[in-house]
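Asks: Encoded as structure tokens, here's the structure I'll be asking about.
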Amino acid sequence: MNPSLKRQLFRTFSQMLNDLDNPKEIEAFLIDFFDEEELEKYIKRMMIAYWLKKGRDKENIKRNLLATSKEISLAEKSLRKNGIKLALKKIEAEEWANVWAEKIRKFGKK
């Protein structure tokens, strides 16, 4: 593919993702765009990286996600990439927000 066209198509695709309004729309797109194997592969890759960053040991990841050593190694290498670092920060921020929302909810019930 022509490199200029490739960049243009990538920007269009990225903009389309950005224009999806909420998690339901994003989920609908992902389910329709990827086949089941592809979707599982990419979700698994991200979650392996997330669990590695959280300090889970590799045997635990292998057992729980049915991950191979190769998948873990690829995810481990991806932890150095800026886009993956950014995505993991987003996951952690959401996790943190959910923890505090639950604490506030419990406090409000007292």
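Convention: chains lettered A, B, ... in structure tokens order; per-chain residue numbering from 1; ligands numbered from 1 as shown.
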Quick one: residues within 8 Å of range 79-91 of chain A, only C-alpha atoms, excluding same-chain residues fewer than 2 positions away - as a list in words?
Replies: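 Non-adjacent residues within range: Ala49, Tyr50, Lys53, Ala75, Glu76, Lys77, Ala93, Glu94 and Glu95 of chain A.
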Asks: Quick one: pull the distance between CA of Gln15 in chain A and CA of Ala28 in chain A, Å, one decimal.
Replies: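 The value is 16.7 Å.
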Asks: Pick out each residue of chain A that DSSP on the backbone tags as alpha helix (DSSP H); I need them as a VMD selection string.
Replies: chain A and resid 3 to 19 23 to 33 36 to 53 58 to 65 69 to 78 82 to 109
Asks: Excluding Leu17 in chain A and residues on its chain fewer than 4 positions from it, collect all residues at most 9 Å away from it, counting only C-alpha atoms, and give them as number ranges by chain.
Replies: A: 12-13, 21, 26, 29
Asks: Can you tell me how far CA of Ser4 in chain A sits from CA of Leu20 in chain A, in Å to one decimal?
Replies: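 For CA of Ser4 in chain A relative to CA of Leu20 in chain A, the distance reads 25.0 Å.
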Asks: Mind checking which residues fall within 10 Å of Lys44 in chain A, counting only C-alpha atoms, ignoring those fewer than 4 positions away in the same chain, and posting them as a PyMOL selection string?
Replies: chain A and resi 38-40+48-50+65-67+71-72+75
Asks: In Å, rounded to a single decimal, give me how far CA of Leu30 in chain A is from CA of Leu74 in chain A.
Replies: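 So the two atoms, CA of Leu74 in chain A and CA of Leu30 in chain A, lie 22.0 Å apart.
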Asks: Using only C-alpha atoms, pick whichever of A:Phe10, A:Pro3, A:Glu92, A:Phe34 has the shortest atom-to-atom distance to Met47 in chain A.
Replies: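 Closest to Met47 in chain A of all the choices is A:Glu92.
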